[in-house]
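Raw contents of model.pdb, PDB, C-alpha atoms:
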```pdb
MODEL        1
ATOM      1  CA  MET A   1      28.644  -0.406  -2.086
ATOM      2  CA  SER A   2      24.949   0.338  -1.748
ATOM      3  CA  VAL A   3      21.668  -0.551  -3.451
ATOM      4  CA  THR A   4      18.613   1.712  -3.720
ATOM      5  CA  VAL A   5      15.137   0.415  -4.554
ATOM      6  CA  ARG A   6      12.107   2.545  -5.384
ATOM      7  CA  VAL A   7       8.764   1.074  -4.324
ATOM      8  CA  PRO A   8       5.216   2.408  -4.844
ATOM      9  CA  ALA A   9       2.196   3.102  -2.677
ATOM     10  CA  LYS A  10      -1.094   1.375  -3.434
ATOM     11  CA  VAL A  11      -4.777   2.125  -3.523
ATOM     12  CA  ASN A  12      -7.450  -0.543  -3.153
ATOM     13  CA  VAL A  13      -9.966   0.062  -5.925
ATOM     14  CA  ARG A  14     -12.023  -2.836  -4.567
ATOM     15  CA  LEU A  15     -11.624  -4.181  -1.062
ATOM     16  CA  ALA A  16     -14.152  -6.915  -0.345
ATOM     17  CA  VAL A  17     -13.891  -8.309   3.184
ATOM     18  CA  GLY A  18     -15.284 -11.608   4.399
ATOM     19  CA  ALA A  19     -16.142 -12.618   7.949
ATOM     20  CA  ALA A  20     -13.370 -13.167  10.486
ATOM     21  CA  ARG A  21     -11.654 -16.555  10.160
ATOM     22  CA  PRO A  22     -10.701 -18.777  13.122
ATOM     23  CA  ASP A  23      -7.107 -17.475  12.827
ATOM     24  CA  GLY A  24      -8.328 -13.898  13.246
ATOM     25  CA  PHE A  25      -7.670 -12.894   9.648
ATOM     26  CA  HIS A  26     -10.346 -12.148   7.045
ATOM     27  CA  ASP A  27     -10.652 -13.562   3.541
ATOM     28  CA  LEU A  28     -10.314 -10.727   1.046
ATOM     29  CA  ALA A  29     -10.901  -9.976  -2.602
ATOM     30  CA  ASN A  30      -8.532  -7.062  -2.878
ATOM     31  CA  VAL A  31      -7.967  -5.272  -6.193
ATOM     32  CA  PHE A  32      -4.694  -3.411  -5.819
ATOM     33  CA  LEU A  33      -3.479  -0.567  -8.012
ATOM     34  CA  ALA A  34       0.075   0.732  -7.536
ATOM     35  CA  VAL A  35       0.300   4.528  -7.640
ATOM     36  CA  GLY A  36       3.142   6.920  -8.302
ATOM     37  CA  LEU A  37       3.971   7.901  -4.721
ATOM     38  CA  HIS A  38       7.195   6.192  -3.708
ATOM     39  CA  ASP A  39       9.548   5.386  -0.876
ATOM     40  CA  GLU A  40      13.206   4.745  -1.656
ATOM     41  CA  ILE A  41      15.072   2.133   0.358
ATOM     42  CA  THR A  42      18.884   2.210   0.397
ATOM     43  CA  VAL A  43      20.886  -0.624   1.970
ATOM     44  CA  THR A  44      24.596  -0.378   2.749
ATOM     45  CA  PRO A  45      26.920  -2.832   4.526
ATOM     46  CA  ALA A  46      27.287  -1.968   8.219
ATOM     47  CA  ASP A  47      28.609  -3.358  11.497
ATOM     48  CA  GLU A  48      25.082  -4.171  12.635
ATOM     49  CA  LEU A  49      21.497  -3.963  11.415
ATOM     50  CA  THR A  50      20.273  -0.378  11.722
ATOM     51  CA  VAL A  51      17.301   1.526  10.303
ATOM     52  CA  THR A  52      17.050   5.264   9.666
ATOM     53  CA  CYS A  53      14.281   7.263   8.051
ATOM     54  CA  SER A  54      13.847  10.708   6.527
ATOM     55  CA  GLY A  55      10.936  12.549   4.929
ATOM     56  CA  PRO A  56       7.368  13.473   5.905
ATOM     57  CA  ASP A  57       6.243  11.933   9.224
ATOM     58  CA  ALA A  58       9.551  10.070   9.552
ATOM     59  CA  HIS A  59       9.269  10.413  13.344
ATOM     60  CA  GLN A  60       6.321   7.991  13.228
ATOM     61  CA  VAL A  61       8.351   5.197  11.602
ATOM     62  CA  PRO A  62       9.750   2.550  13.999
ATOM     63  CA  LEU A  63      13.509   2.163  13.718
ATOM     64  CA  ASP A  64      13.826  -1.210  15.457
ATOM     65  CA  THR A  65      13.231  -4.772  14.271
ATOM     66  CA  THR A  66       9.465  -4.253  14.225
ATOM     67  CA  ASN A  67      10.005  -2.246  11.018
ATOM     68  CA  LEU A  68       9.080  -4.396   8.018
ATOM     69  CA  ALA A  69      12.264  -3.332   6.213
ATOM     70  CA  ALA A  70      14.364  -4.737   9.050
ATOM     71  CA  ARG A  71      12.222  -7.864   9.225
ATOM     72  CA  ALA A  72      12.687  -8.378   5.482
ATOM     73  CA  ALA A  73      16.470  -8.190   5.793
ATOM     74  CA  ILE A  74      16.422 -10.635   8.723
ATOM     75  CA  ALA A  75      14.133 -13.084   6.890
ATOM     76  CA  LEU A  76      16.215 -13.085   3.704
ATOM     77  CA  ALA A  77      19.492 -13.395   5.599
ATOM     78  CA  GLY A  78      18.100 -16.264   7.667
ATOM     79  CA  ARG A  79      17.277 -18.248   4.536
ATOM     80  CA  HIS A  80      20.859 -17.980   3.321
ATOM     81  CA  GLY A  81      22.839 -18.177   6.561
ATOM     82  CA  ILE A  82      23.899 -14.525   6.297
ATOM     83  CA  ASP A  83      24.327 -12.070   9.171
ATOM     84  CA  PRO A  84      22.037  -9.148   8.203
ATOM     85  CA  ARG A  85      24.575  -6.454   8.970
ATOM     86  CA  VAL A  86      23.211  -3.616   6.878
ATOM     87  CA  HIS A  87      22.168  -0.019   7.318
ATOM     88  CA  ILE A  88      18.673   0.440   5.877
ATOM     89  CA  HIS A  89      17.688   4.012   5.080
ATOM     90  CA  ILE A  90      14.075   4.766   4.204
ATOM     91  CA  ALA A  91      13.465   7.973   2.255
ATOM     92  CA  LYS A  92       9.761   8.276   2.995
ATOM     93  CA  ASP A  93       7.188   9.853   0.725
ATOM     94  CA  ILE A  94       4.283   7.405   1.141
ATOM     95  CA  PRO A  95       1.967   8.522   3.976
ATOM     96  CA  VAL A  96       2.672   6.809   7.301
ATOM     97  CA  ALA A  97      -0.235   4.720   8.698
ATOM     98  CA  GLY A  98      -2.338   6.044   5.848
ATOM     99  CA  GLY A  99      -3.827   2.913   4.302
ATOM    100  CA  MET A 100      -1.452   3.066   1.308
ATOM    101  CA  ALA A 101       0.866   0.193   2.345
ATOM    102  CA  GLY A 102       3.883   2.377   3.101
ATOM    103  CA  GLY A 103       5.294  -0.073   5.647
ATOM    104  CA  SER A 104       4.667  -2.990   3.309
ATOM    105  CA  ALA A 105       6.396  -1.085   0.516
ATOM    106  CA  ASP A 106       9.444  -0.616   2.723
ATOM    107  CA  GLY A 107       9.531  -4.335   3.461
ATOM    108  CA  ALA A 108       9.400  -5.258  -0.219
ATOM    109  CA  GLY A 109      11.973  -2.592  -1.088
ATOM    110  CA  ALA A 110      14.417  -3.739   1.579
ATOM    111  CA  LEU A 111      13.990  -7.361   0.509
ATOM    112  CA  LEU A 112      14.851  -6.605  -3.114
ATOM    113  CA  ALA A 113      17.683  -4.268  -2.119
ATOM    114  CA  CYS A 114      19.316  -6.789   0.221
ATOM    115  CA  ASP A 115      18.953  -9.543  -2.383
ATOM    116  CA  ALA A 116      20.881  -7.378  -4.845
ATOM    117  CA  LEU A 117      23.452  -6.207  -2.274
ATOM    118  CA  TRP A 118      24.224  -9.774  -1.246
ATOM    119  CA  SER A 119      24.168 -11.032  -4.894
ATOM    120  CA  LEU A 120      21.689 -13.783  -4.006
ATOM    121  CA  ASN A 121      19.755 -13.701  -7.290
ATOM    122  CA  SER A 122      16.664 -15.083  -5.568
ATOM    123  CA  SER A 123      13.786 -16.130  -7.798
ATOM    124  CA  ARG A 124      10.658 -13.994  -7.867
ATOM    125  CA  ASP A 125       8.746 -16.892  -6.264
ATOM    126  CA  GLU A 126      11.212 -17.059  -3.364
ATOM    127  CA  LEU A 127      10.958 -13.316  -2.792
ATOM    128  CA  LEU A 128       7.155 -13.462  -2.952
ATOM    129  CA  ALA A 129       7.115 -16.285  -0.387
ATOM    130  CA  ILE A 130       9.130 -14.140   2.032
ATOM    131  CA  CYS A 131       6.846 -11.183   1.286
ATOM    132  CA  ALA A 132       3.784 -13.247   2.188
ATOM    133  CA  GLU A 133       5.385 -14.182   5.517
ATOM    134  CA  LEU A 134       6.003 -10.504   6.272
ATOM    135  CA  GLY A 135       2.457  -9.260   5.644
ATOM    136  CA  SER A 136      -0.623  -9.378   3.454
ATOM    137  CA  ASP A 137       0.206  -6.281   1.367
ATOM    138  CA  VAL A 138       3.949  -6.902   0.966
ATOM    139  CA  PRO A 139       3.740  -9.199  -2.084
ATOM    140  CA  PHE A 140       1.852  -6.571  -4.088
ATOM    141  CA  SER A 141       4.427  -3.922  -3.186
ATOM    142  CA  LEU A 142       7.026  -6.131  -4.857
ATOM    143  CA  VAL A 143       4.909  -6.789  -7.969
ATOM    144  CA  GLY A 144       3.170  -3.434  -8.531
ATOM    145  CA  GLY A 145       0.938  -2.657 -11.503
ATOM    146  CA  ALA A 146      -2.547  -4.014 -10.827
ATOM    147  CA  ALA A 147      -3.478  -7.307  -9.210
ATOM    148  CA  LEU A 148      -6.248  -9.216  -7.499
ATOM    149  CA  GLY A 149      -5.251 -10.440  -4.052
ATOM    150  CA  VAL A 150      -7.198 -13.245  -2.377
ATOM    151  CA  GLY A 151      -6.701 -15.190   0.846
ATOM    152  CA  ARG A 152      -5.374 -12.494   3.198
ATOM    153  CA  GLY A 153      -4.596 -10.507   0.035
ATOM    154  CA  GLU A 154      -1.196 -12.143  -0.431
ATOM    155  CA  GLN A 155      -2.211 -14.588  -3.223
ATOM    156  CA  LEU A 156      -1.876 -12.422  -6.328
ATOM    157  CA  THR A 157      -3.179 -12.612  -9.879
ATOM    158  CA  PRO A 158      -1.852  -9.823 -12.147
ATOM    159  CA  LEU A 159      -4.519  -7.738 -13.887
ATOM    160  CA  ASP A 160      -4.351  -5.930 -17.217
ATOM    161  CA  THR A 161      -4.872  -2.173 -17.340
ATOM    162  CA  GLY A 162      -5.721  -0.400 -20.568
ATOM    163  CA  GLY A 163      -4.514   3.064 -19.652
ATOM    164  CA  ASP A 164      -3.519   5.470 -16.908
ATOM    165  CA  PHE A 165      -5.744   6.570 -14.034
ATOM    166  CA  HIS A 166      -5.321   9.908 -12.280
ATOM    167  CA  TRP A 167      -5.799  10.124  -8.530
ATOM    168  CA  VAL A 168      -5.707  12.589  -5.675
ATOM    169  CA  PHE A 169      -4.868  11.394  -2.169
ATOM    170  CA  ALA A 170      -5.860  13.501   0.828
ATOM    171  CA  MET A 171      -3.829  12.867   3.971
ATOM    172  CA  ALA A 172      -5.478  13.225   7.368
ATOM    173  CA  ASP A 173      -3.830  14.172  10.639
ATOM    174  CA  GLY A 174      -2.767  11.067  12.528
ATOM    175  CA  GLY A 175      -3.078   7.455  11.439
ATOM    176  CA  LEU A 176      -5.570   4.651  11.788
ATOM    177  CA  SER A 177      -4.562   1.225  13.061
ATOM    178  CA  THR A 178      -5.401  -1.475  10.514
ATOM    179  CA  PRO A 179      -6.200  -4.044  13.261
ATOM    180  CA  ALA A 180      -8.484  -1.485  14.940
ATOM    181  CA  VAL A 181     -10.355  -0.880  11.682
ATOM    182  CA  PHE A 182     -10.846  -4.629  11.173
ATOM    183  CA  ARG A 183     -12.103  -4.944  14.775
ATOM    184  CA  GLU A 184     -14.594  -2.164  14.067
ATOM    185  CA  PHE A 185     -15.636  -3.964  10.866
ATOM    186  CA  ASP A 186     -16.298  -7.083  12.953
ATOM    187  CA  ARG A 187     -18.307  -5.038  15.454
ATOM    188  CA  LEU A 188     -20.398  -3.361  12.766
ATOM    189  CA  THR A 189     -21.119  -6.636  10.968
ATOM    190  CA  GLU A 190     -21.719  -8.751  14.093
ATOM    191  CA  GLY A 191     -24.870 -10.824  13.719
ATOM    192  CA  THR A 192     -25.106 -10.235   9.965
ATOM    193  CA  ASP A 193     -24.404 -12.619   7.118
ATOM    194  CA  VAL A 194     -21.132 -11.331   5.652
ATOM    195  CA  PRO A 195     -20.947 -12.562   2.039
ATOM    196  CA  ALA A 196     -17.861 -14.270   0.649
ATOM    197  CA  PRO A 197     -15.611 -11.617  -0.910
ATOM    198  CA  THR A 198     -15.506 -11.392  -4.699
ATOM    199  CA  ALA A 199     -14.094  -9.008  -7.287
ATOM    200  CA  ASP A 200     -16.683  -7.177  -9.379
ATOM    201  CA  PRO A 201     -16.312  -8.245 -13.047
ATOM    202  CA  ALA A 202     -17.376  -4.747 -14.133
ATOM    203  CA  LEU A 203     -14.474  -3.260 -12.173
ATOM    204  CA  LEU A 204     -11.978  -5.656 -13.738
ATOM    205  CA  GLU A 205     -13.320  -4.766 -17.193
ATOM    206  CA  ALA A 206     -13.015  -1.037 -16.431
ATOM    207  CA  LEU A 207      -9.357  -1.567 -15.523
ATOM    208  CA  ARG A 208      -8.764  -3.563 -18.714
ATOM    209  CA  ALA A 209     -10.399  -0.816 -20.773
ATOM    210  CA  GLY A 210      -8.606   2.029 -19.026
ATOM    211  CA  ASP A 211     -12.037   3.621 -18.508
ATOM    212  CA  ALA A 212     -11.953   5.996 -15.517
ATOM    213  CA  VAL A 213     -15.688   6.744 -15.643
ATOM    214  CA  ALA A 214     -16.581   3.044 -15.603
ATOM    215  CA  LEU A 215     -14.028   2.385 -12.850
ATOM    216  CA  ALA A 216     -15.505   5.195 -10.755
ATOM    217  CA  SER A 217     -18.922   3.523 -10.735
ATOM    218  CA  THR A 218     -17.469   0.279  -9.362
ATOM    219  CA  LEU A 219     -15.047   1.505  -6.655
ATOM    220  CA  ALA A 220     -15.887   0.048  -3.238
ATOM    221  CA  ASN A 221     -14.230  -0.539   0.131
ATOM    222  CA  ASP A 222     -15.934  -2.743   2.716
ATOM    223  CA  LEU A 223     -13.707  -1.233   5.432
ATOM    224  CA  GLN A 224     -14.926   2.294   4.709
ATOM    225  CA  PRO A 225     -17.860   2.223   7.186
ATOM    226  CA  ALA A 226     -15.489   1.067   9.927
ATOM    227  CA  ALA A 227     -12.928   3.758   9.099
ATOM    228  CA  LEU A 228     -15.666   6.412   9.088
ATOM    229  CA  SER A 229     -16.985   5.102  12.400
ATOM    230  CA  LEU A 230     -13.557   5.562  13.977
ATOM    231  CA  ARG A 231     -12.838   8.843  12.167
ATOM    232  CA  PRO A 232     -16.154  10.563  11.261
ATOM    233  CA  SER A 233     -14.352  13.664   9.951
ATOM    234  CA  LEU A 234     -13.261  11.685   6.879
ATOM    235  CA  ALA A 235     -16.814  12.043   5.539
ATOM    236  CA  ASP A 236     -16.200  15.785   5.144
ATOM    237  CA  THR A 237     -13.049  15.112   3.138
ATOM    238  CA  LEU A 238     -14.873  12.677   0.858
ATOM    239  CA  SER A 239     -17.652  15.218   0.295
ATOM    240  CA  ALA A 240     -15.189  18.025  -0.453
ATOM    241  CA  GLY A 241     -13.441  15.953  -3.133
ATOM    242  CA  THR A 242     -16.616  14.881  -4.895
ATOM    243  CA  ALA A 243     -17.958  18.449  -4.750
ATOM    244  CA  ALA A 244     -14.747  19.561  -6.474
ATOM    245  CA  GLY A 245     -15.396  17.253  -9.424
ATOM    246  CA  ALA A 246     -13.846  13.897  -8.541
ATOM    247  CA  LEU A 247     -15.477  10.993 -10.384
ATOM    248  CA  ALA A 248     -15.524   8.950  -7.186
ATOM    249  CA  ALA A 249     -14.110   8.986  -3.668
ATOM    250  CA  LEU A 250     -13.309   6.308  -1.126
ATOM    251  CA  VAL A 251     -11.206   5.623   1.928
ATOM    252  CA  SER A 252      -7.915   4.030   0.879
ATOM    253  CA  GLY A 253      -7.622   0.602   2.508
ATOM    254  CA  SER A 254      -8.011   0.961   6.278
ATOM    255  CA  GLY A 255      -7.529   4.741   6.016
ATOM    256  CA  PRO A 256      -7.324   7.476   7.036
ATOM    257  CA  THR A 257      -6.040   8.574   3.616
ATOM    258  CA  THR A 258      -8.909   9.246   1.198
ATOM    259  CA  ALA A 259      -8.608   8.611  -2.549
ATOM    260  CA  PHE A 260     -10.278  10.495  -5.389
ATOM    261  CA  LEU A 261     -10.417   9.221  -8.972
ATOM    262  CA  THR A 262     -10.480  12.028 -11.562
ATOM    263  CA  LYS A 263     -10.957  12.406 -15.314
ATOM    264  CA  GLY A 264      -7.332  13.384 -16.004
ATOM    265  CA  PRO A 265      -4.307  15.348 -14.765
ATOM    266  CA  ASP A 266      -5.971  18.772 -14.985
ATOM    267  CA  ALA A 267      -8.989  17.593 -13.026
ATOM    268  CA  ALA A 268      -6.691  15.991 -10.452
ATOM    269  CA  ALA A 269      -4.885  19.296  -9.918
ATOM    270  CA  GLU A 270      -8.218  21.089  -9.440
ATOM    271  CA  VAL A 271      -9.492  18.507  -6.951
ATOM    272  CA  ALA A 272      -6.231  18.651  -4.981
ATOM    273  CA  GLU A 273      -6.401  22.442  -4.797
ATOM    274  CA  ALA A 274     -10.026  22.356  -3.650
ATOM    275  CA  LEU A 275      -9.278  19.741  -0.985
ATOM    276  CA  LEU A 276      -6.474  21.853   0.439
ATOM    277  CA  ALA A 277      -8.723  24.924   0.450
ATOM    278  CA  SER A 278     -11.508  22.992   2.187
ATOM    279  CA  GLY A 279      -9.494  22.563   5.376
ATOM    280  CA  THR A 280     -10.633  18.941   5.664
ATOM    281  CA  CYS A 281      -7.179  17.382   5.154
ATOM    282  CA  ARG A 282      -3.548  18.003   6.043
ATOM    283  CA  THR A 283      -2.245  17.776   2.500
ATOM    284  CA  ALA A 284      -3.300  16.464  -0.916
ATOM    285  CA  ARG A 285      -1.132  14.674  -3.452
ATOM    286  CA  VAL A 286      -1.671  13.936  -7.131
ATOM    287  CA  ALA A 287      -0.501  10.577  -8.510
ATOM    288  CA  GLN A 288      -0.867   8.441 -11.614
ATOM    289  CA  ALA A 289      -1.525   4.708 -11.759
ATOM    290  CA  PRO A 290      -0.561   2.015 -12.450
ATOM    291  CA  ALA A 291       3.065   2.234 -11.302
ATOM    292  CA  PRO A 292       5.798  -0.426 -11.439
ATOM    293  CA  GLY A 293       6.545  -2.514  -8.374
ATOM    294  CA  ALA A 294       9.790  -2.499  -6.411
ATOM    295  CA  THR A 295      12.636  -1.567  -8.777
ATOM    296  CA  VAL A 296      16.394  -1.259  -8.293
ATOM    297  CA  VAL A 297      17.287   2.303  -9.270
ATOM    298  CA  ARG A 298      20.922   2.464  -8.072
ATOM    299  CA  HIS A 299      23.500  -0.255  -7.501
ATOM    300  CA  GLY A 300      27.087   0.735  -6.955
ATOM    301  CA  ALA A 301      29.503   2.679  -4.765
ATOM    302  CA  ALA A 302      27.898   4.293  -1.747
TER     303      ALA A 302
ENDMDL
END
```
Would you encode the structure as structure tokens?
Amino acid sequence: MSVTVRVPAKVNVRLAVGAARPDGFHDLANVFLAVGLHDEITVTPADELTVTCSGPDAHQVPLDTTNLAARAAIALAGRHGIDPRVHIHIAKDIPVAGGMAGGSADGAGALLACDALWSLNSSRDELLAICAELGSDVPFSLVGGAALGVGRGEQLTPLDTGGDFHWVFAMADGGLSTPAVFREFDRLTEGTDVPAPTADPALLEALRAGDAVALASTLANDLQPAALSLRPSLADTLSAGTAAGALAALVSGSGPTTAFLTKGPDAAAEVAEALLASGTCRTARVAQAPAPGATVVRHGAA
């Protein structure tokens, strides 16, 4: 018996960051959009909890209990008095340490997969509560679509989208540590009055209307200056994508992946080709949004 769950990457179309809180976190107004790059998480009964991984950059994925997929299995099992003896296999296609919530996606995918494998039938609210304990981006990985996240980003309000948006994601060599990017944000904003984070109403309306041109004019990421400070070469990637015809470009989350909104699928293909030719990124991927959240795609004999 095994269960496989497909779970999407995300892009932050608006990431507003407040000043550091006493607990070290930052209040956020985080507009998430799930995109059609996916990891697949397969869980199978085993003698002990183990994690394996295949796919691009799999060697960078931790295979111990620091992995969010393993932590999800342990958290769910602990709530129900179950020994989490499962083999978790991650078929990785979301960039590793790329600002697209790949680790969070794996946590949400493993949580849903283990819930199905163990026939727990947990409520969505119970699963979301565990997700929030695991990390700020994990709840959105479970929900997918589009949502506004406040607090640390874990308190979600679903958002309507009026159509599909076409993106290109350029992957850089190496990753960027999210805590390091937030520390750089704090350094860059030290001594300034950091405003309370809010979601731009014009951006929310552009999502509702499915209007890529209007969305492009409202994209923003308060972590982008910090990511560029730590990785100045990303500026060349952003410039190459906009020169190739992207409507807008920004660093995805804490980076170093860069995201390019385009007019449609043909434009996305052209931008991806130009980015690869520019030599400013390791690879470029085309994806459509919004995408569904974590979804069981196979449930049966292993």
Applying 9 Å and all atoms listed in the file, which residues near A:Pro95 remain after dropping the ones on its own chain fewer than 5 positions away? List them as a PDB file with C-alpha atoms, keeping the file's coordinate frame.
```pdb
ATOM      1  CA  ALA A   9       2.196   3.102  -2.677  1.00  0.00           C
ATOM      2  CA  LEU A  37       3.971   7.901  -4.721  1.00  0.00           C
ATOM      3  CA  PRO A  56       7.368  13.473   5.905  1.00  0.00           C
ATOM      4  CA  ASP A  57       6.243  11.933   9.224  1.00  0.00           C
ATOM      5  CA  MET A 100      -1.452   3.066   1.308  1.00  0.00           C
ATOM      6  CA  ALA A 101       0.866   0.193   2.345  1.00  0.00           C
ATOM      7  CA  GLY A 102       3.883   2.377   3.101  1.00  0.00           C
ATOM      8  CA  MET A 171      -3.829  12.867   3.971  1.00  0.00           C
ATOM      9  CA  THR A 257      -6.040   8.574   3.616  1.00  0.00           C
TER      10      THR A 257
END
```
Tell me, counting only C-alpha atoms, for each residue of stretch 207-240 of chain A within 7 Å of stretch 13-35 of chain A, which pair of atoms is nearest and how far apart they are in Å to one decimal, in rows ordered by chain and increasing number, as CSV.
```
residue,atom,partner,partner_atom,distance
A:Leu219,CA,A:Val13,CA,5.3
A:Ala220,CA,A:Arg14,CA,5.0
A:Asn221,CA,A:Leu15,CA,4.6
A:Asp222,CA,A:Ala16,CA,5.5
```
Since we have the selection now, will you write its residues out, keeping C-alpha atoms, as a CSV table (one decimal), keeping the file's coordinate frame?
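Okay, out_37.csv is ready:
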```csv
chain,number,residue,atom,x,y,z
A,219,LEU,CA,-15.0,1.5,-6.7
A,220,ALA,CA,-15.9,0.0,-3.2
A,221,ASN,CA,-14.2,-0.5,0.1
A,222,ASP,CA,-15.9,-2.7,2.7
```
Quiz prompt | Top pick for closest residue to A:Pro84, considering A:Asp64, A:Glu48, A:Asp211, A:Asp266 and counting all atoms listed in the file | solution =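 Using all atoms listed in the file, A:Pro84 sits closest to A:Glu48.
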Practice problem: Can you work out which one of A:Ala97, A:Val3, A:Ile88, A:Ala227 has the shortest atom-to-atom distance to A:Thr65, counting all atoms listed in the file? | Solution: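 Result for the nearest residue to A:Thr65: A:Ile88.
The smallest atom-to-atom distance between A:Pro197 and any of A:His166, A:Arg231, A:Arg152, A:Arg282, using all atoms listed in the file, is found for A:Arg152.
Counting all atoms listed in the file, the residue from A:Arg187, A:His87, A:Arg208, A:Arg124 that sits nearest to A:Thr161 is A:Arg208.
For the pair atom CA of A:Ile94 and atom CA of A:Leu120, the separation is 27.9 Å.
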Quiz item: Taking (-2.9, 19.1, 13.4) in the file's coordinates as the center, which residues reach within 10 Å of it, counting all atoms listed in the file, put as a ChimeraX atom specification?
Solution: /A:172-174,281-282
Quiz item: For A:Gly245, which residue among A:Cys53, A:Ala91, A:Leu63, A:Leu275 is the nearest when counting all atoms listed in the file?
Solution: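 Checking each of A:Cys53, A:Ala91, A:Leu63, A:Leu275 against A:Gly245, counting all atoms listed in the file, the winner is A:Leu275.
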Quiz item: When the PyMOL selection byres ((chain A and resi 46) around 12) is applied to the file above, which residues end up in the set, as a list of chain:residue names?
Solution: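 Expected selection for the PyMOL selection byres ((chain A and resi 46) around 12) here is A:Met1, A:Ser2, A:Val43, A:Thr44, A:Pro45, A:Asp47, A:Glu48, A:Leu49, A:Thr50, A:Val51, A:Asp83, A:Pro84, A:Arg85, A:Val86, A:His87, A:Ile88, A:His89, A:Leu117, A:Ala302.
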Quiz item: Counting all atoms listed in the file, what is within 12 Å of A:Thr237, bar same-chain residues fewer than 5 positions away, as a PyMOL selection string?
Solution: chain A and resi 168-173+228+231-232+242-244+246+249-251+256-260+271-272+274-284
Quiz item: Using only C-alpha atoms, which residue out of A:Val96, A:Leu68, A:Ile90, A:Leu148 lies closest to A:Gly255?
Solution: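 Of A:Val96, A:Leu68, A:Ile90, A:Leu148, the one nearest A:Gly255 is A:Val96, counting only C-alpha atoms.
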Axis-aligned box over every listed atom of stretch 279-297 of chain A, padded by 8 Å per side: centre and edges in Å to one decimal, as lines of an AutoDock Vina configuration file?
```
center_x = 3.3
center_y = 10.0
center_z = -3.2
size_x = 43.9
size_y = 41.1
size_z = 34.5
```
Practice problem: Name the residues that the PyMOL selection byres ((chain A and resi 133-136) around 8) pulls out of this structure, and write them as a list in words. | Solution: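 Those residues are Leu68, Arg71, Ala72, Ser104, Gly107, Ala129, Ile130, Cys131, Ala132, Asp137, Val138, Pro139, Arg152, Gly153 and Glu154 of chain A.
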Practice problem: Excluding stretch 291-301 of chain A and residues on its chain fewer than 4 positions from it, collect all residues at most 9 Å away from it, counting all atoms listed in the file, and give them as an NGL selection string. | Solution: :A and (1-10 or 33-37 or 40 or 42 or 105 or 108-109 or 112-113 or 116-117 or 140-146)
For the residues in the current selection, export C-alpha atoms as a PDB file, keeping the file's coordinate frame.
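Once everything was written out, this is out.pdb:
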```pdb
ATOM      1  CA  MET A   1      28.644  -0.406  -2.086  1.00  0.00           C
ATOM      2  CA  SER A   2      24.949   0.338  -1.748  1.00  0.00           C
ATOM      3  CA  VAL A   3      21.668  -0.551  -3.451  1.00  0.00           C
ATOM      4  CA  THR A   4      18.613   1.712  -3.720  1.00  0.00           C
ATOM      5  CA  VAL A   5      15.137   0.415  -4.554  1.00  0.00           C
ATOM      6  CA  ARG A   6      12.107   2.545  -5.384  1.00  0.00           C
ATOM      7  CA  VAL A   7       8.764   1.074  -4.324  1.00  0.00           C
ATOM      8  CA  PRO A   8       5.216   2.408  -4.844  1.00  0.00           C
ATOM      9  CA  ALA A   9       2.196   3.102  -2.677  1.00  0.00           C
ATOM     10  CA  LYS A  10      -1.094   1.375  -3.434  1.00  0.00           C
ATOM     11  CA  LEU A  33      -3.479  -0.567  -8.012  1.00  0.00           C
ATOM     12  CA  ALA A  34       0.075   0.732  -7.536  1.00  0.00           C
ATOM     13  CA  VAL A  35       0.300   4.528  -7.640  1.00  0.00           C
ATOM     14  CA  GLY A  36       3.142   6.920  -8.302  1.00  0.00           C
ATOM     15  CA  LEU A  37       3.971   7.901  -4.721  1.00  0.00           C
ATOM     16  CA  GLU A  40      13.206   4.745  -1.656  1.00  0.00           C
ATOM     17  CA  THR A  42      18.884   2.210   0.397  1.00  0.00           C
ATOM     18  CA  ALA A 105       6.396  -1.085   0.516  1.00  0.00           C
ATOM     19  CA  ALA A 108       9.400  -5.258  -0.219  1.00  0.00           C
ATOM     20  CA  GLY A 109      11.973  -2.592  -1.088  1.00  0.00           C
ATOM     21  CA  LEU A 112      14.851  -6.605  -3.114  1.00  0.00           C
ATOM     22  CA  ALA A 113      17.683  -4.268  -2.119  1.00  0.00           C
ATOM     23  CA  ALA A 116      20.881  -7.378  -4.845  1.00  0.00           C
ATOM     24  CA  LEU A 117      23.452  -6.207  -2.274  1.00  0.00           C
ATOM     25  CA  PHE A 140       1.852  -6.571  -4.088  1.00  0.00           C
ATOM     26  CA  SER A 141       4.427  -3.922  -3.186  1.00  0.00           C
ATOM     27  CA  LEU A 142       7.026  -6.131  -4.857  1.00  0.00           C
ATOM     28  CA  VAL A 143       4.909  -6.789  -7.969  1.00  0.00           C
ATOM     29  CA  GLY A 144       3.170  -3.434  -8.531  1.00  0.00           C
ATOM     30  CA  GLY A 145       0.938  -2.657 -11.503  1.00  0.00           C
ATOM     31  CA  ALA A 146      -2.547  -4.014 -10.827  1.00  0.00           C
TER      32      ALA A 146
END
```
Quiz item: A:Pro265: which residues within 9 Å, counting only C-alpha atoms, same-chain residues fewer than 5 positions away excluded, as an NGL selection string?
Solution: :A and (165-167 or 270 or 286-288)
Within 10 Å of A:Ala180, counting all atoms listed in the file, which residues qualify if same-chain residues fewer than 6 places away don't, as a PDB file with C-alpha atoms, keeping the file's coordinate frame?
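Once everything was written out, this is around.pdb:
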```
ATOM      1  CA  ASP A 186     -16.298  -7.083  12.953  1.00  0.00           C
ATOM      2  CA  ALA A 226     -15.489   1.067   9.927  1.00  0.00           C
ATOM      3  CA  ALA A 227     -12.928   3.758   9.099  1.00  0.00           C
ATOM      4  CA  LEU A 230     -13.557   5.562  13.977  1.00  0.00           C
ATOM      5  CA  SER A 254      -8.011   0.961   6.278  1.00  0.00           C
TER       6      SER A 254
END
```
Quiz item: Do you have the atom CA of A:Ala214-atom CA of A:Ser239 distance handy?
Solution: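 It comes out at 20.1 Å.
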